[in-house]
Amino acid sequence: MRAARLFLHIFINLGIILPSLAQEVRGQDAEILRKAKAEGSVDFYTSSSVREMSLLADGFSKKFPFLKVDVYRAISERLHPKILAEDRTGTTRLDVLLCNTQQFDDLITRGLIGKYLSPERAAFSDKDKHPEGYWTNLQSSYYVLAYNTKLVAGASVPKDWTDLLNPYWRGRFGLDSEEYIWYGAMIEYLGNEAGKGFMRRLAAQSPIFRKGHNLIAQLLSAGEFYGAIAYPNRVEQMRREGAPINWVPTTKPIVTEMGQVGIAAKAPHPNAARLFLDFILSREGQEILRNEGRIVNRRDLAPLTPALDASKLDLFRVSSSVIGRLNSIAREFNETFKIQ
């Protein structure tokens, strides 16, 4: 009887507390919405595709028509200096940033990225979000071995990176002239001695250098080379359009780079920034990116192509160590492959 009375007492109190708590949460949301409306806009800086980011901005504006999204897109080498220059001159416009790990680590160290624990982060695994709320891994880039299906078939189709050391591939393999991240991560995965040995032997295979993964994928499709390092989501998109290319899911490893998103510590529109970050991390926002072929990281969204299921791939994330040594890795890459 005493236990029953205790249970009833707890239940009654929960009946009072929970609606009160829910009302408080709704009140906080309403307050953020009111302040965001007064701010009127949000500035989104990114090094990602203009088309994809514009689609995200359009989706957000349909949901919050009173907020304008200004998208600034630049390559990583220009985006980072712009953010630093704005901070130095007191002209910061940045609200929300999407870029790579290297930039985020530096900006966090400089105190230019703020903390925000978006409720949408619950749908992301712990490895895809900073524990203190500095960033969430919005999307991932996989470095895979791709090949032209008209030129490479049967037993010639590679299964792992070491297959590129066969005489068959000499002078037939395309490589980005700035493939520093893949180079550094591969050496870390294989071990320093074995990794550098592999890279020296690969350099002896006389790879064909071009700059830019999209260009390389197009040239691969056109038959300029037999194989290349590419992004699998781009390969899948081109395959759907009829291009004669495919990629190898069995390489050990598949180097993986994160595209992180977070809010600026000095965001001019902090409340609009929170709403925008919530949206792009939401299922709705992630579906926009996934439908454009991106590899997204919400656990409740399956990839468009079953072959991109992360659980079936030997993924190896680019470490902070590689990112921190990128300048020295670039010099070593250039020396190994004799790039001037």
# chains A, B, ... in the order shown; residues from 1 in each chain; ligands from 1
$ residues_around --residues "A:Gly197" --least-positions-apart "3" --cutoff "12 Å" --atoms "only C-alpha atoms" --output "PyMOL selection string"
chain A and resi 162+165+183+186-187+190-194+200-204+336
$ write_last_selection --atoms "N, CA and C atoms" --output "PDB file, in the first residue's frame"
ATOM      1  N   THR A 162      47.115  -2.183 -53.286  1.00  0.00           N
ATOM      2  CA  THR A 162      48.370  -2.805 -53.726  1.00  0.00           C
ATOM      3  C   THR A 162      48.289  -3.321 -55.163  1.00  0.00           C
ATOM      4  N   LEU A 165      50.159  -1.575 -57.957  1.00  0.00           N
ATOM      5  CA  LEU A 165      51.598  -1.764 -58.125  1.00  0.00           C
ATOM      6  C   LEU A 165      51.917  -2.783 -59.212  1.00  0.00           C
ATOM      7  N   TYR A 183      47.209  10.639 -48.924  1.00  0.00           N
ATOM      8  CA  TYR A 183      48.600  10.206 -48.748  1.00  0.00           C
ATOM      9  C   TYR A 183      48.938  10.066 -47.265  1.00  0.00           C
ATOM     10  N   MET A 186      46.819   7.237 -45.508  1.00  0.00           N
ATOM     11  CA  MET A 186      47.255   5.897 -45.913  1.00  0.00           C
ATOM     12  C   MET A 186      48.525   5.482 -45.180  1.00  0.00           C
ATOM     13  N   ILE A 187      49.468   6.398 -45.056  1.00  0.00           N
ATOM     14  CA  ILE A 187      50.713   6.079 -44.348  1.00  0.00           C
ATOM     15  C   ILE A 187      50.429   5.813 -42.874  1.00  0.00           C
ATOM     16  N   LEU A 190      48.789   2.247 -42.774  1.00  0.00           N
ATOM     17  CA  LEU A 190      49.695   1.144 -43.109  1.00  0.00           C
ATOM     18  C   LEU A 190      50.903   1.066 -42.181  1.00  0.00           C
ATOM     19  N   GLY A 191      51.197   2.168 -41.503  1.00  0.00           N
ATOM     20  CA  GLY A 191      52.416   2.256 -40.710  1.00  0.00           C
ATOM     21  C   GLY A 191      53.467   3.016 -41.501  1.00  0.00           C
ATOM     22  N   ASN A 192      54.322   3.736 -40.812  1.00  0.00           N
ATOM     23  CA  ASN A 192      55.245   4.663 -41.476  1.00  0.00           C
ATOM     24  C   ASN A 192      56.122   3.984 -42.533  1.00  0.00           C
ATOM     25  N   GLU A 193      56.771   2.898 -42.156  1.00  0.00           N
ATOM     26  CA  GLU A 193      57.696   2.240 -43.087  1.00  0.00           C
ATOM     27  C   GLU A 193      56.961   1.618 -44.267  1.00  0.00           C
ATOM     28  N   ALA A 194      55.915   0.827 -43.971  1.00  0.00           N
ATOM     29  CA  ALA A 194      55.162   0.166 -45.040  1.00  0.00           C
ATOM     30  C   ALA A 194      54.436   1.188 -45.908  1.00  0.00           C
ATOM     31  N   ARG A 200      56.292   5.082 -52.507  1.00  0.00           N
ATOM     32  CA  ARG A 200      57.444   5.132 -53.421  1.00  0.00           C
ATOM     33  C   ARG A 200      57.230   4.202 -54.613  1.00  0.00           C
ATOM     34  N   ARG A 201      56.677   3.030 -54.348  1.00  0.00           N
ATOM     35  CA  ARG A 201      56.409   2.075 -55.435  1.00  0.00           C
ATOM     36  C   ARG A 201      55.287   2.577 -56.339  1.00  0.00           C
ATOM     37  N   LEU A 202      54.300   3.261 -55.740  1.00  0.00           N
ATOM     38  CA  LEU A 202      53.221   3.833 -56.552  1.00  0.00           C
ATOM     39  C   LEU A 202      53.767   4.948 -57.444  1.00  0.00           C
ATOM     40  N   ALA A 203      54.660   5.766 -56.896  1.00  0.00           N
ATOM     41  CA  ALA A 203      55.269   6.842 -57.689  1.00  0.00           C
ATOM     42  C   ALA A 203      56.038   6.270 -58.879  1.00  0.00           C
ATOM     43  N   ALA A 204      56.660   5.100 -58.682  1.00  0.00           N
ATOM     44  CA  ALA A 204      57.417   4.458 -59.761  1.00  0.00           C
ATOM     45  C   ALA A 204      56.510   3.953 -60.879  1.00  0.00           C
ATOM     46  N   THR A 336      58.026  12.696 -53.004  1.00  0.00           N
ATOM     47  CA  THR A 336      57.839  11.292 -53.385  1.00  0.00           C
ATOM     48  C   THR A 336      57.425  11.159 -54.844  1.00  0.00           C
TER      49      THR A 336
END
$ select_by_dssp --residues "stretch 28-77 of chain A" --states "strand (DSSP E or B)" --output "list in words"
Ser41, Val42, Asp43, Phe44, Tyr45, Thr46, Lys68, Val69, Asp70, Val71, Tyr72 and Arg73 of chain A
$ residues_around --residues "A:Phe279" --least-positions-apart "2" --cutoff "12 Å" --atoms "only C-alpha atoms" --output "JSON list (two decimals) with N, CA and C atoms, in the first residue's frame"
[["chain", "number", "residue", "atom", "x", "y", "z"],
["A", 56, "LEU", "N", 19.97, 23.78, -49.70],
["A", 56, "LEU", "CA", 19.77, 23.82, -48.25],
["A", 56, "LEU", "C", 19.18, 25.16, -47.84],
["A", 57, "ALA", "N", 19.74, 26.23, -48.38],
["A", 57, "ALA", "CA", 19.27, 27.57, -48.05],
["A", 57, "ALA", "C", 17.82, 27.76, -48.48],
["A", 58, "ASP", "N", 17.47, 27.25, -49.66],
["A", 58, "ASP", "CA", 16.09, 27.36, -50.15],
["A", 58, "ASP", "C", 15.13, 26.58, -49.26],
["A", 59, "GLY", "N", 15.54, 25.38, -48.85],
["A", 59, "GLY", "CA", 14.69, 24.58, -47.97],
["A", 59, "GLY", "C", 14.45, 25.26, -46.64],
["A", 60, "PHE", "N", 15.48, 25.89, -46.11],
["A", 60, "PHE", "CA", 15.36, 26.62, -44.85],
["A", 60, "PHE", "C", 14.44, 27.83, -45.01],
["A", 61, "SER", "N", 14.60, 28.56, -46.10],
["A", 61, "SER", "CA", 13.79, 29.77, -46.32],
["A", 61, "SER", "C", 12.31, 29.45, -46.51],
["A", 62, "LYS", "N", 12.02, 28.28, -47.05],
["A", 62, "LYS", "CA", 10.61, 27.88, -47.17],
["A", 62, "LYS", "C", 10.00, 27.65, -45.79],
["A", 63, "LYS", "N", 10.81, 27.16, -44.88],
["A", 63, "LYS", "CA", 10.34, 26.88, -43.53],
["A", 63, "LYS", "C", 10.30, 28.15, -42.69],
["A", 64, "PHE", "N", 11.27, 29.04, -42.93],
["A", 64, "PHE", "CA", 11.35, 30.30, -42.20],
["A", 64, "PHE", "C", 11.45, 31.45, -43.21],
["A", 96, "VAL", "N", 27.29, 30.61, -39.58],
["A", 96, "VAL", "CA", 27.39, 29.15, -39.61],
["A", 96, "VAL", "C", 28.47, 28.77, -40.62],
["A", 118, "SER", "N", 22.81, 21.33, -30.57],
["A", 118, "SER", "CA", 21.55, 21.23, -31.30],
["A", 118, "SER", "C", 20.80, 19.96, -30.91],
["A", 119, "PRO", "N", 19.49, 20.02, -30.73],
["A", 119, "PRO", "CA", 18.73, 18.80, -30.43],
["A", 119, "PRO", "C", 18.81, 17.77, -31.54],
["A", 120, "GLU", "N", 19.12, 18.20, -32.76],
["A", 120, "GLU", "CA", 19.23, 17.27, -33.89],
["A", 120, "GLU", "C", 20.46, 16.37, -33.79],
["A", 121, "ARG", "N", 21.40, 16.74, -32.93],
["A", 121, "ARG", "CA", 22.61, 15.93, -32.76],
["A", 121, "ARG", "C", 22.31, 14.55, -32.19],
["A", 138, "LEU", "N", 28.50, 16.85, -40.72],
["A", 138, "LEU", "CA", 27.33, 16.95, -41.60],
["A", 138, "LEU", "C", 27.38, 15.94, -42.72],
["A", 261, "VAL", "N", 30.21, 21.12, -39.41],
["A", 261, "VAL", "CA", 29.40, 22.34, -39.38],
["A", 261, "VAL", "C", 29.26, 22.81, -37.94],
["A", 272, "ALA", "N", 19.29, 33.11, -35.41],
["A", 272, "ALA", "CA", 19.06, 32.61, -36.77],
["A", 272, "ALA", "C", 20.05, 31.50, -37.09],
["A", 273, "ALA", "N", 21.27, 31.63, -36.59],
["A", 273, "ALA", "CA", 22.30, 30.60, -36.81],
["A", 273, "ALA", "C", 21.88, 29.28, -36.18],
["A", 274, "ARG", "N", 21.31, 29.32, -34.99],
["A", 274, "ARG", "CA", 20.85, 28.09, -34.34],
["A", 274, "ARG", "C", 19.73, 27.43, -35.13],
["A", 275, "LEU", "N", 18.79, 28.23, -35.60],
["A", 275, "LEU", "CA", 17.70, 27.67, -36.40],
["A", 275, "LEU", "C", 18.23, 27.04, -37.68],
["A", 276, "PHE", "N", 19.19, 27.71, -38.32],
["A", 276, "PHE", "CA", 19.73, 27.19, -39.57],
["A", 276, "PHE", "C", 20.52, 25.91, -39.34],
["A", 277, "LEU", "N", 21.32, 25.88, -38.27],
["A", 277, "LEU", "CA", 22.08, 24.67, -37.96],
["A", 277, "LEU", "C", 21.14, 23.52, -37.63],
["A", 281, "LEU", "N", 20.96, 19.96, -39.94],
["A", 281, "LEU", "CA", 21.22, 18.69, -39.27],
["A", 281, "LEU", "C", 19.97, 17.81, -39.19],
["A", 282, "SER", "N", 18.81, 18.39, -39.45],
["A", 282, "SER", "CA", 17.55, 17.66, -39.35],
["A", 282, "SER", "C", 17.44, 16.62, -40.46],
["A", 283, "ARG", "N", 16.50, 15.72, -40.31],
["A", 283, "ARG", "CA", 16.27, 14.72, -41.36],
["A", 283, "ARG", "C", 15.94, 15.40, -42.68],
["A", 284, "GLU", "N", 15.12, 16.45, -42.61],
["A", 284, "GLU", "CA", 14.74, 17.18, -43.82],
["A", 284, "GLU", "C", 15.97, 17.77, -44.52],
["A", 285, "GLY", "N", 16.84, 18.41, -43.75],
["A", 285, "GLY", "CA", 18.04, 18.99, -44.33],
["A", 285, "GLY", "C", 19.00, 17.95, -44.87],
["A", 286, "GLN", "N", 19.18, 16.87, -44.13],
["A", 286, "GLN", "CA", 20.08, 15.80, -44.57],
["A", 286, "GLN", "C", 19.55, 15.08, -45.80],
["A", 287, "GLU", "N", 18.23, 15.00, -45.93],
["A", 287, "GLU", "CA", 17.65, 14.39, -47.13],
["A", 287, "GLU", "C", 17.97, 15.20, -48.37],
["A", 288, "ILE", "N", 18.00, 16.52, -48.23],
["A", 288, "ILE", "CA", 18.35, 17.38, -49.36],
["A", 288, "ILE", "C", 19.75, 17.03, -49.85],
["A", 289, "LEU", "N", 20.69, 16.91, -48.92],
["A", 289, "LEU", "CA", 22.06, 16.57, -49.29],
["A", 289, "LEU", "C", 22.17, 15.15, -49.84]]
$ atom_distance --atom1 "atom CA of A:Gly262" --atom2 "atom CA of A:Tyr134"
6.0 Å
$ residues_around --residues "A:Thr305" --least-positions-apart "5" --cutoff "10 Å" --atoms "only C-alpha atoms" --output "PDB file with N, CA and C atoms, in the first residue's frame"
ATOM      1  N   PRO A 232      33.170   8.259 -54.269  1.00  0.00           N
ATOM      2  CA  PRO A 232      32.216   7.261 -54.761  1.00  0.00           C
ATOM      3  C   PRO A 232      30.826   7.818 -55.041  1.00  0.00           C
ATOM      4  N   ASN A 233      30.393   8.828 -54.273  1.00  0.00           N
ATOM      5  CA  ASN A 233      29.078   9.401 -54.541  1.00  0.00           C
ATOM      6  C   ASN A 233      29.046  10.070 -55.911  1.00  0.00           C
ATOM      7  N   GLU A 236      28.903   7.224 -58.461  1.00  0.00           N
ATOM      8  CA  GLU A 236      27.543   6.684 -58.542  1.00  0.00           C
ATOM      9  C   GLU A 236      26.634   7.611 -59.343  1.00  0.00           C
ATOM     10  N   GLN A 237      26.779   8.910 -59.132  1.00  0.00           N
ATOM     11  CA  GLN A 237      25.978   9.879 -59.883  1.00  0.00           C
ATOM     12  C   GLN A 237      26.272   9.775 -61.381  1.00  0.00           C
ATOM     13  N   GLY A 293      23.235  13.254 -53.697  1.00  0.00           N
ATOM     14  CA  GLY A 293      24.313  12.278 -53.807  1.00  0.00           C
ATOM     15  C   GLY A 293      25.346  12.330 -52.706  1.00  0.00           C
ATOM     16  N   ILE A 295      27.171  11.874 -49.026  1.00  0.00           N
ATOM     17  CA  ILE A 295      27.197  10.853 -47.979  1.00  0.00           C
ATOM     18  C   ILE A 295      26.920  11.559 -46.662  1.00  0.00           C
TER      19      ILE A 295
END
$ residues_around --residues "A:His213" --least-positions-apart "4" --cutoff "9 Å" --atoms "only C-alpha atoms" --output "number ranges by chain"
A: 175-176, 217-218, 229-231
$ atom_distance --atom1 "atom CA of A:Phe316" --atom2 "atom CA of A:Ser140"
11.5 Å
$ atom_distance --atom1 "atom CA of A:Thr256" --atom2 "atom CA of A:Leu308"
12.3 Å
$ closest_residue --among "A:Phe209, A:Phe44, A:Trp135, A:Phe104" --to "A:Gly324" --atoms "only C-alpha atoms"
A:Phe104
$ closest_residue --among "A:Pro303, A:Gly242, A:Pro270, A:Pro207" --to "A:Trp169" --atoms "only C-alpha atoms"
A:Pro207
$ select_by_dssp --residues "stretch 263-316 of chain A" --states "helix (DSSP H, G or I)" --output "PyMOL selection string"
chain A and resi 270-281+283-291+306-308+310-312
$ closest_residue --among "A:Ile254, A:Glu178, A:Gly259, A:Arg294" --to "A:Arg331" --atoms "only C-alpha atoms"
A:Glu178
$ closest_residue --among "A:Ala146, A:Asn100, A:Gly114, A:Leu164" --to "A:Glu132" --atoms "only C-alpha atoms"
A:Gly114
$ decode --residues "stretch 289-318 of chain A" --atoms "C-alpha atoms" --output "short mmCIF file (atom, residue, chain, number, x, y, z; two decimals), in the first residue's frame"
data_model
loop_
_atom_site.label_atom_id
_atom_site.label_comp_id
_atom_site.auth_asym_id
_atom_site.auth_seq_id
_atom_site.Cartn_x
_atom_site.Cartn_y
_atom_site.Cartn_z
CA LEU A 289 22.06 16.57 -49.29
CA ARG A 290 21.56 12.83 -49.64
CA ASN A 291 19.28 13.30 -52.64
CA GLU A 292 22.07 15.31 -54.26
CA GLY A 293 24.31 12.28 -53.81
CA ARG A 294 26.15 13.34 -50.66
CA ILE A 295 27.20 10.85 -47.98
CA VAL A 296 25.31 12.06 -44.90
CA ASN A 297 25.65 10.88 -41.33
CA ARG A 298 22.25 10.81 -39.65
CA ARG A 299 21.68 7.29 -38.35
CA ASP A 300 18.04 7.31 -39.47
CA LEU A 301 18.91 7.89 -43.15
CA ALA A 302 20.15 5.11 -45.43
CA PRO A 303 22.43 6.01 -48.37
CA LEU A 304 20.89 6.29 -51.83
CA THR A 305 23.15 3.48 -53.02
CA PRO A 306 23.43 0.32 -50.86
CA ALA A 307 27.11 0.03 -51.81
CA LEU A 308 27.75 3.21 -49.78
CA ASP A 309 26.53 1.60 -46.56
CA ALA A 310 29.28 2.56 -44.09
CA SER A 311 28.89 -0.68 -42.12
CA LYS A 312 30.10 -2.65 -45.16
CA LEU A 313 33.21 -0.56 -45.83
CA ASP A 314 36.62 -0.45 -44.16
CA LEU A 315 36.53 3.27 -43.37
CA PHE A 316 39.53 5.05 -41.86
CA ARG A 317 38.93 8.58 -40.62
CA VAL A 318 41.50 11.26 -41.25
#
